[in-house]
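First up is the structure itself, then whatever we jot down about it.
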Amino acid sequence: AFASLFGNDGILDARSALLGRRGARGSNRGGLRPPGWRGGLYGHFFLYNVLTGLLAPFCGLLLLSSPGQSKPWVELWSVGERAQAIQLLSEQVAQEPESTHENRVLLVHWQLAAAQFEGALHTAKDLPAEQRGLRGRALYFLGRYEECLEFLGQEDPSELRMRVEAHKYLGQLEQALGLLPQLRKVFGSASVDVLLLEARDHQGRKQYEEAAQKFAAVRRQKPLEAEALFGLGQCYIRLKRTQEARTLLESHRRLIPLLDALDFAQRGVDIAPSSAPNQATVAEAWQALSEFDPQAAEHALVAYERATLLAKDGERTPIALRLARFHWETMKSSEAALSTLAKAIQLSVDPRLRVRRADYLVELGRPQEAL
């Protein structure tokens with residue numbers, strides 16, 4: 001069911017789910033973001049890297065249920081009806097003794113996946129000590145960084161990342177740097193997590209050339225990493241590379257609202273992944289990011305294709321028009337745009353499809369076909 005909703009590579013695949021690197025959800029508009037903030041996209045890369053850890057035991061719980069024992073809340077979740085699934089499972093948990101933990105643990109995982117962080121925190125409070133990390137994760141996503149550090153471990157990769165980010169949000173760079181050996185062990189010395197922290201360390205020591213090299217290495221791996229973009233701009237100011245710094249910082253200024261838009265769009269998919277309009281909104285958010293990273297266009301195409309597959313009557317035409325525009329404007333593929341509209345015309349009598357296709361044909365110098 002997850003493969004059908006999120007692609008063959010699974011819910012957490014970078015091309016089909018929106019992975020990111022961010023702590024508490026929200027754009028934090030109107031104020032300075034903490035030093036460890038990494039914009040909406042890589043905020044989402046962080047969130048879903050975290051959920052890699054969350055969903056592993058969850059998937060194990062699903063596998064424990066044979067087809068003959070399928071639970072109604074599992075069936076709802078598997079077809080994308082997440083809110084109903086969570087509600088039904090919550091009612092089941094409320095009827096069970098507190099000593100019964102399997103469904104309670106599953107409920108916490110689902111609440112975290114659907115961004116119901118207050119609910120997850122409440123559900124996790126009665127879990128045994130070996131599940132304390134779930135409470136830490138809920139506190140982390142709620143922005144309660146000091147509290148979350150009491151519960152987060154260092155062995156689990158997701159919780160290790162959250163510990164580092166929590167320290168950075170709190171301005172505790174030394175404590176974050178103390179986790180570098182474990183980060184290197186878990187993720188490797190060339191990972192984004194390690195490089196960003198090393199760059200911050202060099203910055204703090206006024207070693208701006210070394211810091212710039214680390215930030216640049218991050219950008220080569222992940223062009224949409226907002227922290228690296230901003231940090232590199234800061235380093236170039238210190239190194240008197242003023243024009244390059246201005247260009248980087250201006251790019252950062254333009255990038256942040258686009259990352260926030262992607263973060264916001266993904267929330268809709270978190271709650272209702274089988275909604276075609278939600279998937280199309282995510283696609284448009286990726287499309288807007290393609291000027292910063294060409295791979296964003298690939299993510300957009302996957303989301304548009306998913307939206308097309310999920311579309312119901314009344315949703316097909318708007319999505320087809322958006323997908324055709326994406327092929328025409330972003331991918332520069334006139335034939336793909338025309339093909340998209342031709343397929344949609346076979347399923348709908350909506351005149352907007354024919355008008356758009358005729359417009360494209362005129363622009364291509366094919367007026368007879370347009371008529």
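Ordered as shown in the structure tokens, chains take letters A, B, and onward, while each chain numbers its residues from 1 and ligands are numbered from 1 in the order shown.
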(Q) Env of Arg322 in chain A: 10 Å cut, atoms = only C-alpha atoms, seq-sep filter 4 positions within chain, self excluded. Answer as JSON, numbers by chain. (A) {"A": [280, 281, 283, 284, 304, 317, 318, 326, 327, 328, 337, 340]}
Restricting it to C-alpha atoms, dump the selection as a compact mmCIF listing (two decimals), in the first residue's frame.
```
# COMPACT_ATOMS: atom_id res chain seq x y z
CA ALA A 280 -0.03 18.52 -6.97
CA THR A 281 0.69 21.32 -4.49
CA ALA A 283 4.80 19.17 -7.07
CA GLU A 284 4.43 22.90 -7.63
CA TYR A 304 2.74 15.34 -10.53
CA THR A 317 -8.29 18.96 -15.50
CA PRO A 318 -6.55 21.35 -13.04
CA PHE A 326 5.48 22.16 -15.83
CA HIS A 327 6.61 20.33 -18.99
CA TRP A 328 6.36 23.48 -21.07
CA ALA A 337 3.17 19.15 -22.59
CA THR A 340 -0.19 15.42 -21.28
```
What's the 9 Å shell around Ala217 in chain A, counting only C-alpha atoms, without same-chain residues fewer than 5 positions away, as a CSV table (one decimal) with all heavy atoms, in the first residue's frame?
```
chain,number,residue,atom,x,y,z
A,190,ALA,N,32.1,12.2,5.6
A,190,ALA,CA,31.8,13.1,4.4
A,190,ALA,C,30.3,13.4,4.4
A,190,ALA,O,29.8,14.0,3.5
A,190,ALA,CB,32.2,12.4,3.1
A,192,VAL,N,26.6,15.1,5.3
A,192,VAL,CA,26.2,16.5,5.5
A,192,VAL,C,26.1,16.9,7.0
A,192,VAL,O,26.5,18.0,7.4
A,192,VAL,CB,24.8,16.7,4.9
A,192,VAL,CG1,24.1,18.0,5.4
A,192,VAL,CG2,24.9,16.7,3.4
A,195,LEU,N,29.8,17.5,8.1
A,195,LEU,CA,30.4,18.7,7.4
A,195,LEU,C,29.8,20.0,7.9
A,195,LEU,O,30.5,21.0,8.1
A,195,LEU,CB,30.2,18.6,5.9
A,195,LEU,CG,31.0,17.5,5.2
A,195,LEU,CD1,30.5,17.4,3.7
A,195,LEU,CD2,32.5,17.7,5.3
A,212,ALA,N,34.4,27.8,4.9
A,212,ALA,CA,33.9,27.9,3.5
A,212,ALA,C,34.0,26.6,2.7
A,212,ALA,O,33.1,26.2,2.0
A,212,ALA,CB,34.6,29.1,2.8
A,222,LYS,N,24.0,18.8,-1.5
A,222,LYS,CA,22.6,19.2,-1.3
A,222,LYS,C,22.5,20.7,-1.6
A,222,LYS,O,22.6,21.5,-0.7
A,222,LYS,CB,22.1,18.8,0.0
A,222,LYS,CG,22.0,17.3,0.3
A,222,LYS,CD,21.4,17.0,1.6
A,222,LYS,CE,21.2,15.5,1.7
A,222,LYS,NZ,20.7,15.0,3.0
A,228,ALA,N,24.0,25.8,4.8
A,228,ALA,CA,25.2,25.9,4.1
A,228,ALA,C,25.3,27.1,3.2
A,228,ALA,O,26.3,27.8,3.1
A,228,ALA,CB,25.4,24.6,3.2
```
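For the pair CA of Leu259 in chain A and CA of Glu225 in chain A, the interatomic distance is 9.8 Å.
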Q. Quick one: residues within 10 Å of Val93 in chain A, only C-alpha atoms counted, chain neighbours fewer than 2 positions away excluded, as a list of chain:residue names?
A. A:Gln87, A:Leu88, A:Leu89, A:Ser90, A:Glu91, A:Gln95, A:Glu96, A:Pro97, A:Glu98, A:Thr100, A:His101, A:Glu102, A:Asn103, A:Arg104, A:Val105, A:Leu106, A:Leu107, A:Thr123
Q) Any idea what's packed within 12 Å of range 238-255 of chain A, counting only C-alpha atoms, ignoring anything in its chain fewer than 3 positions away? Could you give it as a ChimeraX atom specification? A) /A:38-42,203,206-212,215-216,219,223-235,258-262,285-286,288-293
**Q.** DSSP-assigned alpha helix (DSSP H) members of range 78-292 of chain A, reported as a ChimeraX atom specification
**A.** /A:78,82-95,102-113,117-124,132-141,145-148,157-169,173-177,180-187,192-204,208-221,226-238,242-271,276-289
Kindly export the residues of the current selection with C-alpha atoms, as a short mmCIF file (atom, residue, chain, number, x, y, z; two decimals), in the first residue's frame.
```
data_model
loop_
_atom_site.label_atom_id
_atom_site.label_comp_id
_atom_site.auth_asym_id
_atom_site.auth_seq_id
_atom_site.Cartn_x
_atom_site.Cartn_y
_atom_site.Cartn_z
CA SER A 78 -2.80 1.90 4.15
CA ARG A 82 -4.66 8.86 8.13
CA ALA A 83 -6.88 11.06 10.26
CA GLN A 84 -9.57 8.38 10.45
CA ALA A 85 -6.97 5.69 11.15
CA ILE A 86 -5.50 7.67 14.02
CA GLN A 87 -8.93 8.39 15.47
CA LEU A 88 -9.95 4.74 15.35
CA LEU A 89 -6.67 3.55 16.85
CA SER A 90 -6.92 6.21 19.58
CA GLU A 91 -10.33 4.85 20.55
CA GLN A 92 -8.89 1.33 20.64
CA VAL A 93 -5.96 2.41 22.83
CA ALA A 94 -8.31 4.19 25.24
CA GLN A 95 -10.10 0.87 25.85
CA GLU A 102 1.81 -2.49 21.02
CA ASN A 103 -1.09 -0.34 19.79
CA ARG A 104 0.05 2.59 21.90
CA VAL A 105 3.49 2.55 20.30
CA LEU A 106 1.93 2.30 16.86
CA LEU A 107 -0.32 5.26 17.66
CA VAL A 108 2.67 7.40 18.64
CA HIS A 109 4.41 6.55 15.37
CA TRP A 110 1.33 7.50 13.39
CA GLN A 111 0.78 10.72 15.31
CA LEU A 112 4.36 11.77 14.66
CA ALA A 113 4.08 10.87 10.98
CA PHE A 117 3.02 16.14 18.00
CA GLU A 118 0.97 17.13 21.05
CA GLY A 119 -1.05 13.96 20.66
CA ALA A 120 2.12 11.89 20.31
CA LEU A 121 3.55 13.40 23.46
CA HIS A 122 0.40 12.59 25.41
CA THR A 123 0.28 9.03 24.09
CA ALA A 124 3.98 8.42 24.78
CA ARG A 132 11.44 6.99 26.06
CA GLY A 133 12.97 8.10 22.78
CA LEU A 134 9.47 8.52 21.34
CA ARG A 135 8.72 11.10 24.00
CA GLY A 136 11.94 12.86 23.12
CA ARG A 137 10.99 12.97 19.45
CA ALA A 138 7.61 14.49 20.20
CA LEU A 139 9.21 17.13 22.43
CA TYR A 140 11.75 17.88 19.72
CA PHE A 141 9.13 18.48 17.05
CA TYR A 145 14.58 21.39 22.95
CA GLU A 146 15.86 21.40 26.51
CA GLU A 147 13.26 18.85 27.55
CA CYS A 148 13.82 16.57 24.58
CA PRO A 157 20.57 7.66 14.08
CA SER A 158 17.36 9.69 14.11
CA GLU A 159 17.66 10.60 17.77
CA LEU A 160 21.35 11.41 17.36
CA ARG A 161 20.48 13.92 14.65
CA MET A 162 17.80 15.43 16.85
CA ARG A 163 20.22 15.78 19.76
CA VAL A 164 22.64 17.71 17.55
CA GLU A 165 19.93 19.97 16.18
CA ALA A 166 18.49 20.58 19.65
CA HIS A 167 21.87 21.71 20.94
CA LYS A 168 22.26 24.01 17.95
CA TYR A 169 18.82 25.52 18.46
CA LEU A 173 27.61 24.50 19.93
CA GLU A 174 30.17 22.91 22.25
CA GLN A 175 27.69 20.21 23.29
CA ALA A 176 26.83 19.60 19.64
CA LEU A 177 30.52 19.34 18.75
CA LEU A 180 30.96 14.69 16.32
CA PRO A 181 32.72 11.36 16.96
CA GLN A 182 29.37 9.58 17.14
CA LEU A 183 28.14 11.40 14.02
CA ARG A 184 31.22 10.30 12.11
CA LYS A 185 30.72 6.73 13.30
CA VAL A 186 27.05 6.62 12.34
CA PHE A 187 26.91 8.72 9.16
CA VAL A 192 26.15 16.51 5.51
CA ASP A 193 25.59 16.21 9.27
CA VAL A 194 29.33 16.06 9.97
CA LEU A 195 30.37 18.67 7.42
CA LEU A 196 27.88 21.25 8.66
CA LEU A 197 28.94 20.84 12.26
CA GLU A 198 32.62 21.00 11.33
CA ALA A 199 31.94 24.14 9.31
CA ARG A 200 30.24 25.75 12.30
CA ASP A 201 33.24 24.81 14.43
CA HIS A 202 35.65 26.48 12.00
CA GLN A 203 33.42 29.54 11.89
CA GLY A 204 33.48 29.82 15.65
CA TYR A 208 36.74 31.17 7.56
CA GLU A 209 38.59 29.55 4.66
CA GLU A 210 38.24 26.10 6.22
CA ALA A 211 34.60 26.77 7.10
CA ALA A 212 33.88 27.91 3.53
CA GLN A 213 35.34 24.68 2.15
CA LYS A 214 33.07 22.61 4.41
CA PHE A 215 29.97 24.63 3.54
CA ALA A 216 30.81 24.36 -0.16
CA ALA A 217 31.16 20.59 0.18
CA VAL A 218 27.67 20.46 1.68
CA ARG A 219 26.25 22.49 -1.17
CA ARG A 220 27.75 20.10 -3.71
CA GLN A 221 25.85 17.28 -2.02
CA ALA A 226 19.87 26.60 3.47
CA GLU A 227 22.31 26.55 6.37
CA ALA A 228 25.23 25.88 4.05
CA LEU A 229 24.15 28.62 1.64
CA PHE A 230 23.90 31.19 4.42
CA GLY A 231 27.07 30.02 6.15
CA LEU A 232 29.09 30.19 2.95
CA GLY A 233 27.84 33.71 2.33
CA GLN A 234 28.91 34.73 5.83
CA CYS A 235 32.36 33.23 5.32
CA TYR A 236 32.82 35.06 2.03
CA ILE A 237 32.01 38.35 3.74
CA ARG A 238 34.81 37.67 6.20
CA THR A 242 31.95 40.61 -1.32
CA GLN A 243 30.26 40.02 -4.67
CA GLU A 244 30.11 36.25 -4.17
CA ALA A 245 28.78 36.77 -0.66
CA ARG A 246 26.06 39.11 -1.91
CA THR A 247 24.98 36.58 -4.54
CA LEU A 248 24.82 33.73 -2.02
CA LEU A 249 22.92 35.72 0.59
CA GLU A 250 20.45 36.98 -2.00
CA SER A 251 19.90 33.39 -3.10
CA HIS A 252 19.32 32.43 0.52
CA ARG A 253 16.76 35.20 0.87
CA ARG A 254 14.84 33.93 -2.16
CA LEU A 255 15.20 30.29 -1.21
CA ILE A 256 13.70 30.45 2.28
CA PRO A 257 10.06 31.21 1.31
CA LEU A 258 10.21 28.48 -1.33
CA LEU A 259 11.41 25.97 1.25
CA ASP A 260 8.65 27.11 3.58
CA ALA A 261 6.10 26.62 0.81
CA LEU A 262 7.33 23.08 0.29
CA ASP A 263 7.23 22.41 4.02
CA PHE A 264 3.66 23.68 4.21
CA ALA A 265 2.58 21.69 1.16
CA GLN A 266 4.05 18.51 2.57
CA ARG A 267 1.95 18.89 5.71
CA GLY A 268 -1.13 18.30 3.60
CA VAL A 269 0.40 15.11 2.22
CA ASP A 270 1.40 14.03 5.74
CA ILE A 271 -2.26 14.10 6.69
CA ALA A 276 -4.41 14.41 -5.61
CA PRO A 277 -4.59 18.19 -5.01
CA ASN A 278 -2.21 17.82 -2.06
CA GLN A 279 0.27 15.92 -4.21
CA ALA A 280 -0.03 18.52 -6.97
CA THR A 281 0.69 21.32 -4.49
CA VAL A 282 3.83 19.51 -3.41
CA ALA A 283 4.80 19.17 -7.07
CA GLU A 284 4.43 22.90 -7.63
CA ALA A 285 6.58 23.60 -4.59
CA TRP A 286 9.33 21.36 -5.97
CA GLN A 287 8.94 23.00 -9.37
CA ALA A 288 9.64 26.42 -7.88
CA LEU A 289 12.88 25.09 -6.39
#
```
Q) CA of Arg325 in chain A to CA of Leu347 in chain A: how many Å, to one decimal? A) 18.5 Å
